[in-house]
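This is entry38.txt (compact mmCIF, C-alpha atoms).
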```txt
# COMPACT_ATOMS: atom_id res chain seq x y z
CA MET A 14 101.09 170.61 116.69
CA ALA A 15 102.26 167.77 118.90
CA ARG A 16 98.80 166.28 118.66
CA ALA A 17 98.81 166.53 114.85
CA ARG A 18 102.18 164.80 114.74
CA SER A 19 100.95 162.10 117.06
CA GLU A 20 97.87 161.50 114.87
CA GLU A 21 100.10 161.30 111.82
CA ARG A 22 102.31 158.75 113.56
CA ARG A 23 99.28 156.66 114.49
CA GLY A 24 98.20 156.73 110.86
CA ASP A 25 101.65 155.55 109.78
CA ILE A 26 101.48 152.68 112.27
CA VAL A 27 98.02 151.61 111.12
CA ARG A 28 99.11 151.61 107.47
CA ALA A 29 102.21 149.59 108.36
CA ALA A 30 100.04 147.12 110.28
CA LEU A 31 97.76 146.74 107.24
CA GLU A 32 100.78 145.93 105.09
CA VAL A 33 102.12 143.39 107.57
CA ILE A 34 98.68 141.79 107.87
CA ALA A 35 98.38 141.55 104.08
CA GLU A 36 101.75 139.85 103.88
CA ARG A 37 101.76 137.64 106.96
CA GLY A 38 98.18 137.30 108.18
CA TYR A 39 96.81 137.63 111.68
CA ARG A 40 99.46 135.62 113.51
CA GLY A 41 102.36 137.21 111.66
CA ALA A 42 101.17 140.70 112.49
CA THR A 43 102.98 141.00 115.80
CA LEU A 44 103.63 144.32 117.49
CA GLY A 45 107.34 143.70 116.93
CA SER A 46 106.98 143.26 113.17
CA VAL A 47 104.78 146.36 112.86
CA ALA A 48 107.22 148.42 114.96
CA GLU A 49 110.09 147.33 112.74
CA ARG A 50 108.16 148.27 109.58
CA VAL A 51 107.49 151.76 110.83
CA GLY A 52 110.93 152.32 112.32
CA LEU A 53 109.98 152.30 116.00
CA THR A 54 111.07 150.16 118.89
CA GLN A 55 108.34 147.93 120.27
CA GLN A 56 108.34 150.15 123.36
CA GLY A 57 107.83 153.17 121.13
CA LEU A 58 104.89 151.50 119.41
CA LEU A 59 103.26 150.71 122.76
CA HIS A 60 103.08 154.45 123.38
CA TYR A 61 100.56 154.71 120.53
CA PHE A 62 98.85 151.32 120.85
CA PRO A 63 99.16 149.61 124.22
CA THR A 64 98.07 146.16 122.97
CA LYS A 65 97.89 144.17 119.75
CA GLU A 66 94.09 144.24 120.06
CA ALA A 67 94.05 148.04 120.23
CA LEU A 68 96.17 148.23 117.08
CA LEU A 69 94.00 145.70 115.23
CA VAL A 70 90.82 147.54 116.17
CA ALA A 71 92.37 150.73 114.74
CA VAL A 72 93.23 148.80 111.55
CA LEU A 73 89.66 147.51 111.19
CA GLN A 74 88.24 150.98 111.84
CA GLU A 75 90.50 152.36 109.12
CA ARG A 76 89.37 149.62 106.74
CA ASP A 77 85.73 150.38 107.52
CA ARG A 78 86.35 154.05 106.78
CA TRP A 79 87.86 153.23 103.39
CA ASP A 80 85.31 150.60 102.48
CA THR A 81 82.35 152.84 103.11
CA THR A 82 83.78 155.50 100.81
CA GLY A 83 83.84 158.36 103.21
CA GLY A 84 82.83 156.96 106.52
CA ARG A 85 79.57 158.30 107.85
CA ASP A 86 78.08 159.18 104.47
CA ARG A 87 75.34 156.59 104.22
CA GLU A 88 74.33 157.82 100.78
CA GLY A 89 77.56 156.17 99.62
CA TRP A 90 76.30 152.63 100.39
CA ARG A 91 74.49 150.69 97.72
CA LEU A 92 73.81 146.99 97.49
CA ASP A 93 75.89 146.60 94.35
CA LEU A 94 78.80 148.29 96.14
CA ILE A 95 78.44 145.77 98.95
CA GLU A 96 78.64 142.98 96.36
CA SER A 97 81.81 144.59 95.02
CA LEU A 98 83.16 144.80 98.56
CA VAL A 99 82.71 141.04 98.98
CA GLU A 100 84.56 140.49 95.69
CA TYR A 101 87.32 142.78 96.89
CA ASN A 102 87.51 140.92 100.19
CA ALA A 103 88.07 137.67 98.29
CA MET A 104 91.33 139.21 97.08
CA ARG A 105 92.62 140.24 100.51
CA PRO A 106 92.54 137.19 102.78
CA GLY A 107 94.98 138.72 105.29
CA ILE A 108 92.67 141.47 106.46
CA VAL A 109 89.58 139.24 106.27
CA GLN A 110 91.41 136.67 108.40
CA THR A 111 92.30 139.39 110.90
CA PHE A 112 88.72 140.63 111.05
CA SER A 113 87.36 137.10 111.47
CA ALA A 114 89.88 136.03 114.10
CA LEU A 115 89.40 139.19 116.16
CA LEU A 116 85.60 138.93 115.88
CA GLY A 117 85.89 135.38 117.21
CA GLU A 118 87.99 136.48 120.17
CA SER A 119 85.76 139.44 120.88
CA VAL A 120 82.80 137.34 122.02
CA THR A 121 84.78 135.98 124.96
CA ASP A 122 84.32 137.59 128.37
CA GLY A 123 86.06 140.89 128.92
CA HIS A 124 87.77 141.01 125.54
CA PRO A 125 89.18 144.46 124.64
CA ALA A 126 87.63 144.39 121.12
CA ARG A 127 84.14 143.54 122.34
CA ALA A 128 82.89 147.15 122.53
CA PHE A 129 84.24 147.91 119.06
CA PHE A 130 82.43 144.99 117.45
CA THR A 131 79.20 145.51 119.40
CA GLU A 132 79.01 149.13 118.30
CA ARG A 133 80.12 148.26 114.78
CA TYR A 134 77.29 145.76 114.33
CA THR A 135 74.69 148.17 115.67
CA GLN A 136 75.89 150.67 113.07
CA VAL A 137 76.21 148.12 110.25
CA ARG A 138 72.67 146.80 110.80
CA GLU A 139 71.35 150.36 110.69
CA ASN A 140 73.29 151.15 107.52
CA MET A 141 72.20 147.94 105.82
CA ALA A 142 68.55 148.55 106.67
CA GLN A 143 68.83 152.02 105.20
CA VAL A 144 70.45 150.71 102.00
CA LEU A 145 67.75 148.07 101.60
CA ARG A 146 64.91 150.52 102.25
CA LEU A 147 66.23 153.07 99.75
CA GLU A 148 66.57 150.46 97.01
CA PHE A 149 63.67 148.11 97.67
CA GLY A 150 61.16 149.89 99.87
CA GLU A 151 59.41 148.41 102.89
CA ARG A 152 59.19 144.75 101.82
CA LEU A 153 61.84 142.39 100.57
CA GLY A 154 61.72 138.69 99.70
CA GLY A 155 59.71 136.58 102.14
CA GLY A 156 57.88 139.75 103.21
CA LEU A 157 60.85 140.79 105.37
CA THR A 158 61.24 144.40 106.43
CA PRO A 159 64.61 146.11 105.92
CA GLU A 160 65.18 145.81 109.69
CA GLN A 161 64.59 142.06 109.54
CA ALA A 162 66.79 141.59 106.49
CA ALA A 163 69.73 143.70 107.74
CA PRO A 164 71.06 141.27 110.38
CA LEU A 165 70.74 138.42 107.86
CA LEU A 166 72.72 140.30 105.20
CA THR A 167 75.39 141.02 107.79
CA ALA A 168 75.41 137.41 109.06
CA VAL A 169 75.80 136.00 105.56
CA MET A 170 78.82 138.23 104.87
CA ASP A 171 80.53 137.16 108.10
CA GLY A 172 79.56 133.51 107.94
CA LEU A 173 80.70 133.10 104.34
CA GLN A 174 84.05 134.60 105.26
CA TYR A 175 84.71 131.78 107.74
CA GLN A 176 83.74 129.09 105.24
CA TRP A 177 85.85 130.74 102.55
CA LEU A 178 88.92 131.27 104.76
CA LEU A 179 88.81 127.62 105.81
CA ASP A 180 88.29 126.22 102.33
CA PRO A 181 88.79 128.76 99.54
CA ALA A 182 88.79 126.08 96.84
CA SER A 183 85.29 124.91 97.80
CA VAL A 184 83.56 128.16 98.66
CA ASP A 185 83.07 130.87 96.03
CA MET A 186 82.36 133.69 98.45
CA PRO A 187 81.35 136.41 95.96
CA ALA A 188 79.05 134.04 94.03
CA ALA A 189 77.41 132.83 97.24
CA PHE A 190 76.88 136.39 98.39
CA ARG A 191 75.26 137.30 95.04
CA ASP A 192 72.98 134.27 95.48
CA PHE A 193 71.88 135.69 98.81
CA VAL A 194 71.20 139.13 97.35
CA ARG A 195 69.08 137.50 94.65
CA LEU A 196 67.16 135.66 97.34
CA LEU A 197 66.68 138.81 99.37
CA THR A 198 65.52 141.02 96.54
CA GLY A 199 63.29 138.42 94.94
CA GLY A 200 65.41 138.54 91.78
CA ASP A 201 65.08 136.40 88.66
CA THR A 202 64.59 132.76 89.56
CA SER A 203 66.23 131.46 86.39
CA GLY A 204 69.40 133.55 86.52
CA GLY A 205 72.78 131.89 86.88
CA MET B 22 89.88 96.59 128.23
CA ALA B 23 92.48 99.30 128.82
CA ARG B 24 91.28 100.97 125.65
CA ALA B 25 87.65 100.84 126.77
CA ARG B 26 88.61 102.41 130.08
CA SER B 27 90.60 105.08 128.31
CA GLU B 28 87.62 105.88 126.05
CA GLU B 29 85.38 106.10 129.08
CA ARG B 30 87.80 108.47 130.77
CA ARG B 31 87.90 110.66 127.67
CA GLY B 32 84.11 110.77 127.71
CA ASP B 33 84.16 111.85 131.38
CA ILE B 34 86.59 114.63 130.56
CA VAL B 35 84.54 115.89 127.62
CA ARG B 36 81.39 115.96 129.76
CA ALA B 37 83.23 117.81 132.52
CA ALA B 38 84.54 120.31 129.97
CA LEU B 39 80.99 120.89 128.70
CA GLU B 40 79.88 121.66 132.26
CA VAL B 41 82.75 124.03 132.88
CA ILE B 42 82.09 125.78 129.56
CA ALA B 43 78.41 126.17 130.40
CA GLU B 44 79.30 127.73 133.75
CA ARG B 45 82.34 129.80 132.91
CA GLY B 46 82.46 130.29 129.15
CA TYR B 47 85.39 129.91 126.79
CA ARG B 48 88.00 131.71 128.85
CA GLY B 49 87.01 130.04 132.10
CA ALA B 50 87.31 126.58 130.60
CA THR B 51 90.99 126.11 131.35
CA LEU B 52 92.62 122.69 131.35
CA GLY B 53 93.19 123.14 135.08
CA SER B 54 89.53 123.73 135.87
CA VAL B 55 88.45 120.76 133.75
CA ALA B 56 91.06 118.51 135.38
CA GLU B 57 89.85 119.56 138.82
CA ARG B 58 86.23 118.82 137.90
CA VAL B 59 87.07 115.32 136.76
CA GLY B 60 89.50 114.56 139.57
CA LEU B 61 92.71 114.49 137.57
CA THR B 62 95.89 116.48 137.81
CA GLN B 63 96.49 118.79 134.88
CA GLN B 64 99.35 116.48 133.91
CA GLY B 65 96.94 113.55 133.97
CA LEU B 66 94.50 115.40 131.73
CA LEU B 67 97.24 116.16 129.20
CA HIS B 68 97.61 112.41 128.72
CA TYR B 69 94.13 112.37 127.17
CA PHE B 70 94.08 115.80 125.54
CA PRO B 71 97.47 117.38 124.90
CA THR B 72 96.11 120.91 124.35
CA LYS B 73 93.10 123.03 125.20
CA GLU B 74 92.27 123.13 121.49
CA ALA B 75 92.22 119.32 121.27
CA LEU B 76 89.84 119.15 124.21
CA LEU B 77 87.56 121.85 122.80
CA VAL B 78 87.43 120.12 119.41
CA ALA B 79 86.36 116.92 121.20
CA VAL B 80 83.66 118.91 123.02
CA LEU B 81 82.34 120.40 119.77
CA GLN B 82 82.37 116.97 118.10
CA GLU B 83 80.37 115.59 121.00
CA ARG B 84 77.89 118.46 120.73
CA ASP B 85 77.53 117.85 116.99
CA ARG B 86 76.83 114.18 117.66
CA TRP B 87 74.09 115.04 120.14
CA ASP B 88 72.60 117.81 118.07
CA THR B 89 72.24 115.71 114.98
CA THR B 90 70.34 113.04 116.90
CA GLY B 91 72.52 110.11 116.06
CA GLY B 92 75.41 111.51 114.12
CA ARG B 93 75.57 110.28 110.59
CA ASP B 94 71.87 109.58 110.21
CA ARG B 95 70.93 112.32 107.77
CA GLU B 96 67.29 111.25 107.81
CA GLY B 97 67.27 112.76 111.30
CA TRP B 98 67.79 116.32 110.02
CA ARG B 99 64.83 118.48 109.14
CA LEU B 100 64.61 122.21 108.69
CA ASP B 101 62.24 122.61 111.64
CA LEU B 102 64.72 120.71 113.81
CA ILE B 103 67.42 123.12 112.73
CA GLU B 104 65.15 126.00 113.78
CA SER B 105 64.74 124.28 117.15
CA LEU B 106 68.49 123.88 117.39
CA VAL B 107 68.95 127.63 116.96
CA GLU B 108 66.38 128.22 119.73
CA TYR B 109 68.22 125.75 121.92
CA ASN B 110 71.52 127.49 121.19
CA ALA B 111 70.03 130.76 122.41
CA MET B 112 69.77 129.10 125.83
CA ARG B 113 73.37 127.89 125.98
CA PRO B 114 75.66 130.87 125.37
CA GLY B 115 78.69 129.12 126.90
CA ILE B 116 79.01 126.45 124.23
CA VAL B 117 78.01 128.84 121.44
CA GLN B 118 80.70 131.23 122.65
CA THR B 119 83.21 128.38 122.66
CA PHE B 120 82.25 127.32 119.15
CA SER B 121 82.42 130.90 117.85
CA ALA B 122 85.72 131.74 119.52
CA LEU B 123 87.38 128.54 118.33
CA LEU B 124 86.01 129.00 114.80
CA GLY B 125 87.52 132.50 114.82
CA GLU B 126 90.94 131.19 115.89
CA SER B 127 90.80 128.31 113.45
CA VAL B 128 91.13 130.51 110.36
CA THR B 129 94.59 131.67 111.43
CA ASP B 130 97.62 129.97 109.93
CA GLY B 131 98.50 126.56 111.29
CA HIS B 132 95.77 126.47 113.95
CA PRO B 133 95.16 122.99 115.43
CA ALA B 134 91.36 123.24 115.00
CA ARG B 135 91.53 124.22 111.34
CA ALA B 136 91.16 120.69 109.95
CA PHE B 137 88.22 119.99 112.24
CA PHE B 138 86.28 123.06 111.10
CA THR B 139 87.17 122.63 107.42
CA GLU B 140 85.88 119.05 107.42
CA ARG B 141 82.89 119.99 109.55
CA TYR B 142 81.75 122.64 107.09
CA THR B 143 82.15 120.32 104.11
CA GLN B 144 79.89 117.87 105.94
CA VAL B 145 77.42 120.48 107.17
CA ARG B 146 76.99 121.97 103.69
CA GLU B 147 76.30 118.48 102.31
CA ASN B 148 73.80 117.71 105.07
CA MET B 149 72.03 121.03 104.66
CA ALA B 150 71.75 120.58 100.89
CA GLN B 151 70.24 117.14 101.46
CA VAL B 152 67.72 118.49 104.00
CA LEU B 153 66.70 121.28 101.65
CA ARG B 154 66.37 118.96 98.64
CA LEU B 155 64.25 116.44 100.56
CA GLU B 156 61.86 119.12 101.79
CA PHE B 157 61.74 121.59 98.92
CA GLY B 158 63.03 119.88 95.80
CA GLU B 159 65.46 121.31 93.29
CA ARG B 160 64.55 125.01 93.51
CA LEU B 161 64.25 127.28 96.52
CA GLY B 162 63.57 131.01 96.80
CA GLY B 163 65.40 133.12 94.23
CA GLY B 164 65.71 130.01 92.06
CA LEU B 165 68.61 128.74 94.20
CA THR B 166 69.56 125.08 94.13
CA PRO B 167 69.99 123.23 97.45
CA GLU B 168 73.76 123.36 96.88
CA GLN B 169 73.64 127.15 96.49
CA ALA B 170 71.39 127.61 99.52
CA ALA B 171 73.34 125.31 101.89
CA PRO B 172 76.37 127.58 102.47
CA LEU B 173 74.01 130.53 103.01
CA LEU B 174 71.97 128.65 105.61
CA THR B 175 75.19 127.72 107.38
CA ALA B 176 76.59 131.25 107.13
CA VAL B 177 73.43 132.77 108.60
CA MET B 178 73.55 130.43 111.60
CA ASP B 179 77.18 131.28 112.32
CA GLY B 180 76.93 134.99 111.57
CA LEU B 181 73.86 135.46 113.74
CA GLN B 182 75.66 133.77 116.64
CA TYR B 183 78.35 136.47 116.62
CA GLN B 184 75.82 139.29 116.53
CA TRP B 185 73.79 137.65 119.29
CA LEU B 186 76.78 136.89 121.54
CA LEU B 187 77.92 140.50 121.27
CA ASP B 188 74.51 142.05 121.87
CA PRO B 189 71.86 139.58 123.07
CA ALA B 190 69.42 142.35 123.97
CA SER B 191 69.36 143.67 120.39
CA VAL B 192 69.52 140.46 118.35
CA ASP B 193 66.73 137.87 118.56
CA MET B 194 68.70 135.01 117.06
CA PRO B 195 65.87 132.44 116.74
CA ALA B 196 63.47 134.99 115.19
CA ALA B 197 66.12 136.17 112.73
CA PHE B 198 66.87 132.58 111.74
CA ARG B 199 63.17 131.89 111.16
CA ASP B 200 63.07 135.01 108.97
CA PHE B 201 65.85 133.52 106.89
CA VAL B 202 64.09 130.18 106.55
CA ARG B 203 60.97 132.02 105.39
CA LEU B 204 63.07 133.86 102.81
CA LEU B 205 64.69 130.66 101.64
CA THR B 206 61.55 128.63 101.29
CA GLY B 207 59.47 131.40 99.76
CA GLY B 208 57.10 131.26 102.72
CA ASP B 209 54.11 133.46 103.51
CA THR B 210 54.95 137.12 103.08
CA SER B 211 52.52 138.30 105.73
CA GLY B 212 53.56 135.96 108.54
CA GLY B 213 55.03 137.36 111.74
```
Go ahead and render the structure in this file as structure tokens.
Amino acid sequence: MARARSEERRGDIVRAALEVIAERGYRGATLGSVAERVGLTQQGLLHYFPTKEALLVAVLQERDRWDTTGGRDREGWRLDLIESLVEYNAMRPGIVQTFSALLGESVTDGHPARAFFTERYTQVRENMAQVLRLEFGERLGGGLTPEQAAPLLTAVMDGLQYQWLLDPASVDMPAAFRDFVRLLTGGDTSGG
Amino acid sequence: MARARSEERRGDIVRAALEVIAERGYRGATLGSVAERVGLTQQGLLHYFPTKEALLVAVLQERDRWDTTGGRDREGWRLDLIESLVEYNAMRPGIVQTFSALLGESVTDGHPARAFFTERYTQVRENMAQVLRLEFGERLGGGLTPEQAAPLLTAVMDGLQYQWLLDPASVDMPAAFRDFVRLLTGGDTSGG
């Protein structure tokens, strides 16, 4: 019972953090502002999430769960859904900024989010390879296998996010991602 | 004369910072450790570079100058040289980590390195489009124009760096980048 209540409280905090991130971006999402939103003291919040990084990792995990329509269910992933996800991301810069900033930090030595991202990418590459194999079989454009294409698909999503966050007027992230999918699947060469 | 000496001193500091980054990574490259290396007090260093971010931007600019074999000379860029650059990067995780961490920070609101990266990407996309046009003409794989392919090439380089920094044993960055080039240029489908 106490555990259920504690889980519920954690969920409330994560949802409040998502709201604050959407409104104020990565820098604005301080532990203090999240605590205020959810009606806790900062000390009270630290009981559930001891650091800002721990809270942000929980937020990104929650986003991943939503975005993959049911978490572990790989059947739910399709390439056209991933295209839609990139379009959706273009409408929520706050969370994309948070993801990108935390990913950047995570590659530094001893960072608390490093394990989360390392495991996430192992999983994402596996999922992407499975999606590509189910839809396109063993060979994609350039003769690539699904396992060769998966890290590229993932890299393009992440790399475009940085270019788009820095210069949204110059970089049409969803269009660029569709270009990449066309390249990968050997689609129509005359299409717009 | 005073200006020349000041420029020389700045160059010394940037080189020292590159060394410290190579040895100790992004977090280890503190202003104090760089000052010590170059024989200045930290206060003395601040005269040349007022913040760690300003120093790191100068380091990345210097790296870009070296990597592009003469800076503005676009004739010097070729796709096979960019492949070599990715191989070279796989041997210098310290500077790649610094680039990736600072890029991550730069997308947050009001970050001092934001202008540097925004301008850099505008330039890099232009350079890449020019390289691709010179070597492959107006149409690449998937029917993409050089201007459509350039942000993807750039995104793959950056995105693969994050995956590789997090998990170097699982991600062969140079091989993955060559896969992408093969995809982009419609290369041999049976090649390894």
Should the cut-off be 6 Å, what would the residue list for chain A against chain B look like, counting all atoms listed in the file, as a PyMOL selection string? chain A and resi 113-114+117-118+120+131+154-156+168-169+171-173+179+195-196+199-200+202-203
Write a file of the selected residues as a PDB file, in the coordinates of the input, keeping C-alpha atoms.
```pdb
ATOM      1  CA  SER A 113      87.360 137.100 111.470  1.00  0.00           C
ATOM      2  CA  ALA A 114      89.880 136.030 114.100  1.00  0.00           C
ATOM      3  CA  GLY A 117      85.890 135.380 117.210  1.00  0.00           C
ATOM      4  CA  GLU A 118      87.990 136.480 120.170  1.00  0.00           C
ATOM      5  CA  VAL A 120      82.800 137.340 122.020  1.00  0.00           C
ATOM      6  CA  THR A 131      79.200 145.510 119.400  1.00  0.00           C
ATOM      7  CA  GLY A 154      61.720 138.690  99.700  1.00  0.00           C
ATOM      8  CA  GLY A 155      59.710 136.580 102.140  1.00  0.00           C
ATOM      9  CA  GLY A 156      57.880 139.750 103.210  1.00  0.00           C
ATOM     10  CA  ALA A 168      75.410 137.410 109.060  1.00  0.00           C
ATOM     11  CA  VAL A 169      75.800 136.000 105.560  1.00  0.00           C
ATOM     12  CA  ASP A 171      80.530 137.160 108.100  1.00  0.00           C
ATOM     13  CA  GLY A 172      79.560 133.510 107.940  1.00  0.00           C
ATOM     14  CA  LEU A 173      80.700 133.100 104.340  1.00  0.00           C
ATOM     15  CA  LEU A 179      88.810 127.620 105.810  1.00  0.00           C
ATOM     16  CA  ARG A 195      69.080 137.500  94.650  1.00  0.00           C
ATOM     17  CA  LEU A 196      67.160 135.660  97.340  1.00  0.00           C
ATOM     18  CA  GLY A 199      63.290 138.420  94.940  1.00  0.00           C
ATOM     19  CA  GLY A 200      65.410 138.540  91.780  1.00  0.00           C
ATOM     20  CA  THR A 202      64.590 132.760  89.560  1.00  0.00           C
ATOM     21  CA  SER A 203      66.230 131.460  86.390  1.00  0.00           C
TER      22      SER A 203
END
```
Taking 3 positions as the minimum chain separation for residues in the same chain, which residues sit within 10 Å of B:Ala56 when counting only C-alpha atoms? Answer as a PDB file with C-alpha atoms, in the coordinates of the input.
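See part_25.pdb below for the written result:
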```
ATOM      1  CA  ILE B  34      86.590 114.630 130.560  1.00  0.00           C
ATOM      2  CA  ALA B  37      83.230 117.810 132.520  1.00  0.00           C
ATOM      3  CA  ALA B  38      84.540 120.310 129.970  1.00  0.00           C
ATOM      4  CA  THR B  51      90.990 126.110 131.350  1.00  0.00           C
ATOM      5  CA  LEU B  52      92.620 122.690 131.350  1.00  0.00           C
ATOM      6  CA  GLY B  53      93.190 123.140 135.080  1.00  0.00           C
ATOM      7  CA  VAL B  59      87.070 115.320 136.760  1.00  0.00           C
ATOM      8  CA  GLY B  60      89.500 114.560 139.570  1.00  0.00           C
ATOM      9  CA  LEU B  61      92.710 114.490 137.570  1.00  0.00           C
ATOM     10  CA  THR B  62      95.890 116.480 137.810  1.00  0.00           C
ATOM     11  CA  GLN B  63      96.490 118.790 134.880  1.00  0.00           C
ATOM     12  CA  GLN B  64      99.350 116.480 133.910  1.00  0.00           C
ATOM     13  CA  GLY B  65      96.940 113.550 133.970  1.00  0.00           C
ATOM     14  CA  LEU B  66      94.500 115.400 131.730  1.00  0.00           C
ATOM     15  CA  LEU B  67      97.240 116.160 129.200  1.00  0.00           C
TER      16      LEU B  67
END
```
At most 10 Å from (63.2, 122.1, 101.8), file frame, all atoms listed in the file: which residues, as a ChimeraX atom specification? /B:99-101,149-161,167,202,205-206
So which residues fall inside 8 Å of (80.7, 122.9, 116.5) if we count only C-alpha atoms? Mind giving them as an NGL selection string? :B and (78 or 81-82 or 84-85 or 120 or 138 or 141)
Rounded to one decimal, what separation in Å do you get between atom CA of B:Ala79 and atom CA of B:Arg36?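 Distance reported for this atom pair: 9.9 Å.
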